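Enquirer: Submitted below is the structure of interest, expressed as structure tokens.
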Amino acid sequence: MTESPKTRAARDAGCRVRRRVLLGAAGTGAALLLAVSGVAEAVPAVPDGVLGAVGNSSSDLNLPDLLGALPGLLSPGTQPAGTTRCDTVIQVGDSTSVAADTAAMLPSAGDTAGAQYRRVGARNVTVDALSGRAIVDGPGPDAKSAVATRLGRGERGCWVIAMGVNDAGAISSGSSVDADARIDAVMRQLAGQPVLWPTIASSNPQNRAFGSAAMAVFNDALRRATARYDDLAVYDWSAAARPEMFTDGIHYTAAATAERNRRFADALARAYPAGSGSTPAVRWIG
């Protein structure tokens with residue numbers, strides 16, 4: 001019998017879904033693996049009744065039931081990003097952001113910070129990054145001064161402050177300026193403007209002043225800061241960073257920088273979605 005175009009389209013759609021969805025039934029420990037934007041994300045627990053709705057084999061797959069169940073299965077950290085209310089994005093960073101907006105240093109031009117922020121709705125993107133930069137003190141214009149200079153030029157928008165690594169190293173080495181004061185030095189300048197501040201990470205660097213304990217001290221200060229500033233959201237990048245992402249324990253591979261750019265953009269869209277104001281929809285994005 002000749003297959004109608006409608007039947008063929010339905011069969012092809014089912015095949016694509018079967019290739020993308022793997023269901024393993026192991027009691028309450030069943031896991032659902034989803035191919036979302038080309039990245040497989042694991043959701044550790046499938047609620048009771050979902051496996052029954054979709055069946056335990058590809059032949060039992062009920063596409064409408066499965067699609068209806070997906071919103072409840074996706075955790076906040078794996079939900080696809082929407083669009084942001086941020087028309088202008090200014091990222092201020094240290095050496096970990098120097099390659100963030102340079103296509104030649106990334107897998108593709110679409111991996112740049114600019115491309116990723118535009119993907120979620122931004123139109124104007126600036127990445128102001130400098131090797132060795134801390135929030136206060138040199139070398140070069142520190143983040144406090146960089147923000148002040150841009151504000152002096154009349155620049156306004158949503159700010160991504162990708163700072164803290166050098167500050168954590170300075171604090172663990174005995175600096176009298178603690179993490180709270182350093183964060184305040186930036187946030188007080190940006191009152192009324194949306195800010196996303198990712199946490200910081202390292203992985204067994206040669207200089208122990210930059211070890212994970214030092215990073216944790218700064219990240220704890222960022223969590224405290226969310227209670228002081230109504231226009232601050234924190235994205236917990238440290239929870240996503242993996243040892244294989246680092247080249248020297250502090251800086252990132254090209255692939256990791258691309259992933260970091262994507263995650264920062266998604267976090268911005270979650271914190272400040274379209275239609276929102278300067279107060280974040282989510283203060284701590286895990």
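Letters for chains follow the order of the structure tokens (A, B, ...), residue numbers begin at 1 for each chain, and ligand numbers begin at 1 in the order shown.
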For range 107-170 of chain A against range 231-237 of chain A, with a cut-off of 12 Å and counting only C-alpha atoms, what is the closest atom pair and its distance in Å to one decimal for every residue that makes the cut, ordered by chain and number, as CSV?
Expert:
```
residue,atom,partner,partner_atom,distance
A:Cys158,CA,A:Asp231,CA,10.0
A:Trp159,CA,A:Leu232,CA,9.6
A:Val160,CA,A:Ala233,CA,9.6
A:Ile161,CA,A:Val234,CA,9.7
A:Ala162,CA,A:Trp237,CA,10.1
A:Met163,CA,A:Trp237,CA,11.9
```
Enquirer: Which residues in range 97-180 of chain A does DSSP call helix (DSSP H, G or I)? List them as number ranges by chain.
Expert: A: 97, 103-105, 109-111, 113-119, 143-152, 165-172, 179-180
Enquirer: What does the structure give for the distance between CA of Ala213 in chain A and CA of Ala267 in chain A, in Å to one decimal?
Expert: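 Here the two named atoms are 24.3 Å from each other.
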Enquirer: Given the choices A:Ala254, A:Ala265, A:Ala227, A:Ala181, which gets closest to Val120 in chain A if the distance is worked out from only C-alpha atoms?
Expert: A:Ala265
Enquirer: Write out as a list of chain:residue names which residues come within 12 Å of Asn219 in chain A when counting only C-alpha atoms, dropping same-chain ones fewer than 4 positions away.
Expert: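 Final neighbour list, sorted by chain and number: A:Met163, A:Gly164, A:Val165, A:Asp167, A:Ala168, A:Ala179, A:Asp180, A:Ile183, A:Trp197, A:Pro198, A:Thr199, A:Ile200, A:Ala201, A:Ser202, A:Ser212, A:Ala213, A:Ala214, A:Met215, A:Arg223, A:Arg224, A:Ala225, A:Thr226, A:Val234, A:Tyr235, A:Asp236, A:Trp237, A:Ser238, A:Ala239, A:Trp284.
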Enquirer: Restricting the output to N, CA, C and O atoms, write the selected residues as an mmCIF file, in the first residue's frame.
Expert:
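selection30.cif was written with the following content:
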```cif
data_model
loop_
_atom_site.group_PDB
_atom_site.id
_atom_site.type_symbol
_atom_site.label_atom_id
_atom_site.label_comp_id
_atom_site.auth_asym_id
_atom_site.auth_seq_id
_atom_site.Cartn_x
_atom_site.Cartn_y
_atom_site.Cartn_z
ATOM 1 N N MET A 163 33.717 38.829 37.332
ATOM 2 C CA MET A 163 34.883 39.197 38.114
ATOM 3 C C MET A 163 34.938 38.409 39.430
ATOM 4 O O MET A 163 33.918 37.947 39.923
ATOM 5 N N GLY A 164 36.157 38.341 39.975
ATOM 6 C CA GLY A 164 36.303 37.763 41.305
ATOM 7 C C GLY A 164 37.485 36.837 41.467
ATOM 8 O O GLY A 164 37.945 36.603 42.590
ATOM 9 N N VAL A 165 38.000 36.279 40.364
ATOM 10 C CA VAL A 165 39.087 35.309 40.473
ATOM 11 C C VAL A 165 40.335 35.953 41.077
ATOM 12 O O VAL A 165 40.918 35.436 42.048
ATOM 13 N N ASP A 167 40.460 38.706 42.694
ATOM 14 C CA ASP A 167 40.096 39.196 44.018
ATOM 15 C C ASP A 167 40.179 38.076 45.049
ATOM 16 O O ASP A 167 40.684 38.278 46.163
ATOM 17 N N ALA A 168 39.704 36.903 44.676
ATOM 18 C CA ALA A 168 39.783 35.761 45.590
ATOM 19 C C ALA A 168 41.227 35.431 45.923
ATOM 20 O O ALA A 168 41.566 35.131 47.073
ATOM 21 N N ALA A 179 35.823 40.354 50.379
ATOM 22 C CA ALA A 179 34.971 40.117 49.212
ATOM 23 C C ALA A 179 33.720 40.984 49.233
ATOM 24 O O ALA A 179 33.293 41.503 48.189
ATOM 25 N N ASP A 180 33.123 41.161 50.403
ATOM 26 C CA ASP A 180 31.909 41.973 50.491
ATOM 27 C C ASP A 180 32.183 43.410 50.041
ATOM 28 O O ASP A 180 31.392 44.001 49.296
ATOM 29 N N ILE A 183 32.647 43.574 46.194
ATOM 30 C CA ILE A 183 31.367 43.493 45.492
ATOM 31 C C ILE A 183 30.600 44.806 45.626
ATOM 32 O O ILE A 183 30.029 45.325 44.658
ATOM 33 N N TRP A 197 25.849 38.469 38.088
ATOM 34 C CA TRP A 197 27.230 38.237 38.524
ATOM 35 C C TRP A 197 27.443 36.730 38.659
ATOM 36 O O TRP A 197 26.948 36.111 39.587
ATOM 37 N N PRO A 198 28.166 36.118 37.739
ATOM 38 C CA PRO A 198 28.431 34.675 37.859
ATOM 39 C C PRO A 198 29.414 34.382 38.989
ATOM 40 O O PRO A 198 30.330 35.173 39.264
ATOM 41 N N THR A 199 29.222 33.253 39.637
ATOM 42 C CA THR A 199 30.203 32.815 40.624
ATOM 43 C C THR A 199 31.487 32.425 39.893
ATOM 44 O O THR A 199 31.518 32.290 38.669
ATOM 45 N N ILE A 200 32.559 32.237 40.664
ATOM 46 C CA ILE A 200 33.870 31.970 40.080
ATOM 47 C C ILE A 200 34.314 30.551 40.414
ATOM 48 O O ILE A 200 33.818 29.925 41.350
ATOM 49 N N ALA A 201 35.261 30.048 39.625
ATOM 50 C CA ALA A 201 35.701 28.665 39.798
ATOM 51 C C ALA A 201 37.169 28.516 39.445
ATOM 52 O O ALA A 201 37.733 29.323 38.697
ATOM 53 N N SER A 202 37.778 27.484 39.986
ATOM 54 C CA SER A 202 39.135 27.084 39.612
ATOM 55 C C SER A 202 39.226 25.574 39.781
ATOM 56 O O SER A 202 38.313 24.950 40.339
ATOM 57 N N SER A 212 40.179 26.254 45.189
ATOM 58 C CA SER A 212 38.722 26.218 45.325
ATOM 59 C C SER A 212 38.236 26.848 46.627
ATOM 60 O O SER A 212 37.146 27.437 46.667
ATOM 61 N N ALA A 213 39.032 26.754 47.687
ATOM 62 C CA ALA A 213 38.618 27.357 48.958
ATOM 63 C C ALA A 213 38.529 28.876 48.823
ATOM 64 O O ALA A 213 37.604 29.516 49.355
ATOM 65 N N ALA A 214 39.499 29.471 48.114
ATOM 66 C CA ALA A 214 39.471 30.923 47.894
ATOM 67 C C ALA A 214 38.274 31.319 47.044
ATOM 68 O O ALA A 214 37.623 32.348 47.295
ATOM 69 N N MET A 215 37.958 30.523 46.027
ATOM 70 C CA MET A 215 36.797 30.803 45.188
ATOM 71 C C MET A 215 35.511 30.748 46.017
ATOM 72 O O MET A 215 34.609 31.576 45.859
ATOM 73 N N ARG A 223 26.522 35.385 47.393
ATOM 74 C CA ARG A 223 25.205 34.967 47.907
ATOM 75 C C ARG A 223 24.690 35.979 48.929
ATOM 76 O O ARG A 223 23.503 36.329 48.925
ATOM 77 N N ARG A 224 25.549 36.452 49.804
ATOM 78 C CA ARG A 224 25.123 37.465 50.781
ATOM 79 C C ARG A 224 24.694 38.752 50.092
ATOM 80 O O ARG A 224 23.762 39.429 50.536
ATOM 81 N N ALA A 225 25.370 39.086 49.011
ATOM 82 C CA ALA A 225 25.078 40.336 48.312
ATOM 83 C C ALA A 225 23.680 40.353 47.704
ATOM 84 O O ALA A 225 23.090 41.430 47.538
ATOM 85 N N THR A 226 23.133 39.201 47.379
ATOM 86 C CA THR A 226 21.784 39.165 46.804
ATOM 87 C C THR A 226 20.739 39.679 47.786
ATOM 88 O O THR A 226 19.663 40.118 47.375
ATOM 89 N N VAL A 234 22.637 36.287 40.751
ATOM 90 C CA VAL A 234 23.891 35.533 40.701
ATOM 91 C C VAL A 234 23.646 34.222 39.967
ATOM 92 O O VAL A 234 22.692 33.493 40.269
ATOM 93 N N TYR A 235 24.486 33.960 38.986
ATOM 94 C CA TYR A 235 24.453 32.670 38.294
ATOM 95 C C TYR A 235 25.577 31.802 38.851
ATOM 96 O O TYR A 235 26.751 32.199 38.821
ATOM 97 N N ASP A 236 25.246 30.623 39.310
ATOM 98 C CA ASP A 236 26.241 29.754 39.945
ATOM 99 C C ASP A 236 27.034 28.983 38.889
ATOM 100 O O ASP A 236 26.874 27.771 38.723
ATOM 101 N N TRP A 237 27.923 29.696 38.211
ATOM 102 C CA TRP A 237 28.789 29.072 37.216
ATOM 103 C C TRP A 237 29.678 28.007 37.850
ATOM 104 O O TRP A 237 29.979 26.982 37.234
ATOM 105 N N SER A 238 30.094 28.209 39.085
ATOM 106 C CA SER A 238 30.996 27.249 39.729
ATOM 107 C C SER A 238 30.378 25.863 39.829
ATOM 108 O O SER A 238 31.097 24.860 39.836
ATOM 109 N N ALA A 239 29.056 25.791 39.889
ATOM 110 C CA ALA A 239 28.389 24.490 39.955
ATOM 111 C C ALA A 239 28.424 23.768 38.616
ATOM 112 O O ALA A 239 28.285 22.541 38.565
ATOM 113 N N TRP A 284 19.119 33.687 42.554
ATOM 114 C CA TRP A 284 20.239 32.723 42.531
ATOM 115 C C TRP A 284 19.882 31.660 41.506
ATOM 116 O O TRP A 284 18.935 30.907 41.677
#
```
Enquirer: Could you work out how far CA of Arg263 in chain A lies from CA of Gly110 in chain A, giving the answer in Å with one decimal?
Expert: 13.6 Å
Enquirer: Using only C-alpha atoms, pick whichever of A:Met187, A:Leu196, A:Ala256, A:Ala170 has the shortest atom-to-atom distance to Ile90 in chain A.
Expert: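 That would be A:Leu196, the residue with the smallest distance to Ile90 in chain A.
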Enquirer: Give me, as a Markdown table, the closest atom pair and its distance (Å, one decimal) for every residue of range 193-259 of chain A within a cut-off of 12 Å of range 123-140 of chain A, counting only C-alpha atoms, rows sorted by chain and rising number.
Expert:
```
| residue | atom | partner | partner_atom | distance |
| --- | --- | --- | --- | --- |
| A:Phe218 | CA | A:Ile135 | CA | 11.9 |
| A:Ile250 | CA | A:Gly132 | CA | 11.8 |
| A:His251 | CA | A:Ser131 | CA | 10.7 |
```
Enquirer: Could you pull the residues within 9 Å of Leu151 in chain A, counting only C-alpha atoms, minus those fewer than 4 positions along the same chain, as a ChimeraX atom specification?
Expert: /A:146-147,155-156,189-190
Enquirer: Could you write those residues out with all heavy atoms, as a short mmCIF file (atom, residue, chain, number, x, y, z; two decimals), in the first residue's frame?
Expert:
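Here's the written file selection07.cif:
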```
data_model
loop_
_atom_site.label_atom_id
_atom_site.label_comp_id
_atom_site.auth_asym_id
_atom_site.auth_seq_id
_atom_site.Cartn_x
_atom_site.Cartn_y
_atom_site.Cartn_z
N ALA A 146 36.67 50.63 35.60
CA ALA A 146 36.09 50.37 34.28
C ALA A 146 34.61 50.68 34.26
O ALA A 146 34.09 51.29 33.31
CB ALA A 146 36.34 48.92 33.87
N VAL A 147 33.92 50.27 35.32
CA VAL A 147 32.48 50.56 35.42
C VAL A 147 32.26 52.06 35.52
O VAL A 147 31.38 52.63 34.85
CB VAL A 147 31.87 49.83 36.63
CG1 VAL A 147 30.45 50.32 36.90
CG2 VAL A 147 31.86 48.32 36.39
N GLU A 155 26.91 55.25 29.46
CA GLU A 155 26.50 53.89 29.10
C GLU A 155 25.58 53.32 30.18
O GLU A 155 25.86 53.41 31.38
CB GLU A 155 27.73 53.00 28.92
CG GLU A 155 28.61 53.42 27.76
CD GLU A 155 29.79 52.49 27.54
OE1 GLU A 155 29.64 51.28 27.81
OE2 GLU A 155 30.86 52.97 27.09
N ARG A 156 24.51 52.71 29.73
CA ARG A 156 23.54 52.08 30.63
C ARG A 156 23.10 50.77 29.99
O ARG A 156 23.19 50.59 28.78
CB ARG A 156 22.33 52.98 30.85
CG ARG A 156 22.63 54.34 31.51
CD ARG A 156 23.11 54.16 32.94
NE ARG A 156 23.26 55.45 33.61
CZ ARG A 156 24.37 56.18 33.58
NH1 ARG A 156 25.42 55.77 32.86
NH2 ARG A 156 24.43 57.32 34.24
N GLN A 189 27.73 51.44 42.38
CA GLN A 189 27.75 52.27 41.18
C GLN A 189 26.61 51.95 40.22
O GLN A 189 26.20 52.79 39.43
CB GLN A 189 29.07 52.07 40.42
CG GLN A 189 30.31 52.50 41.16
CD GLN A 189 31.53 52.41 40.25
OE1 GLN A 189 31.76 53.27 39.41
NE2 GLN A 189 32.30 51.34 40.40
N LEU A 190 26.12 50.72 40.30
CA LEU A 190 25.15 50.25 39.31
C LEU A 190 23.73 50.22 39.86
O LEU A 190 22.88 49.50 39.33
CB LEU A 190 25.56 48.85 38.83
CG LEU A 190 26.88 48.80 38.06
CD1 LEU A 190 27.24 47.35 37.71
CD2 LEU A 190 26.81 49.66 36.80
#
```
Enquirer: Separation of CA of Leu222 in chain A and CA of Val195 in chain A, in Å?
Expert: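 About the pair CA of Leu222 in chain A and CA of Val195 in chain A: they are 12.0 Å apart.
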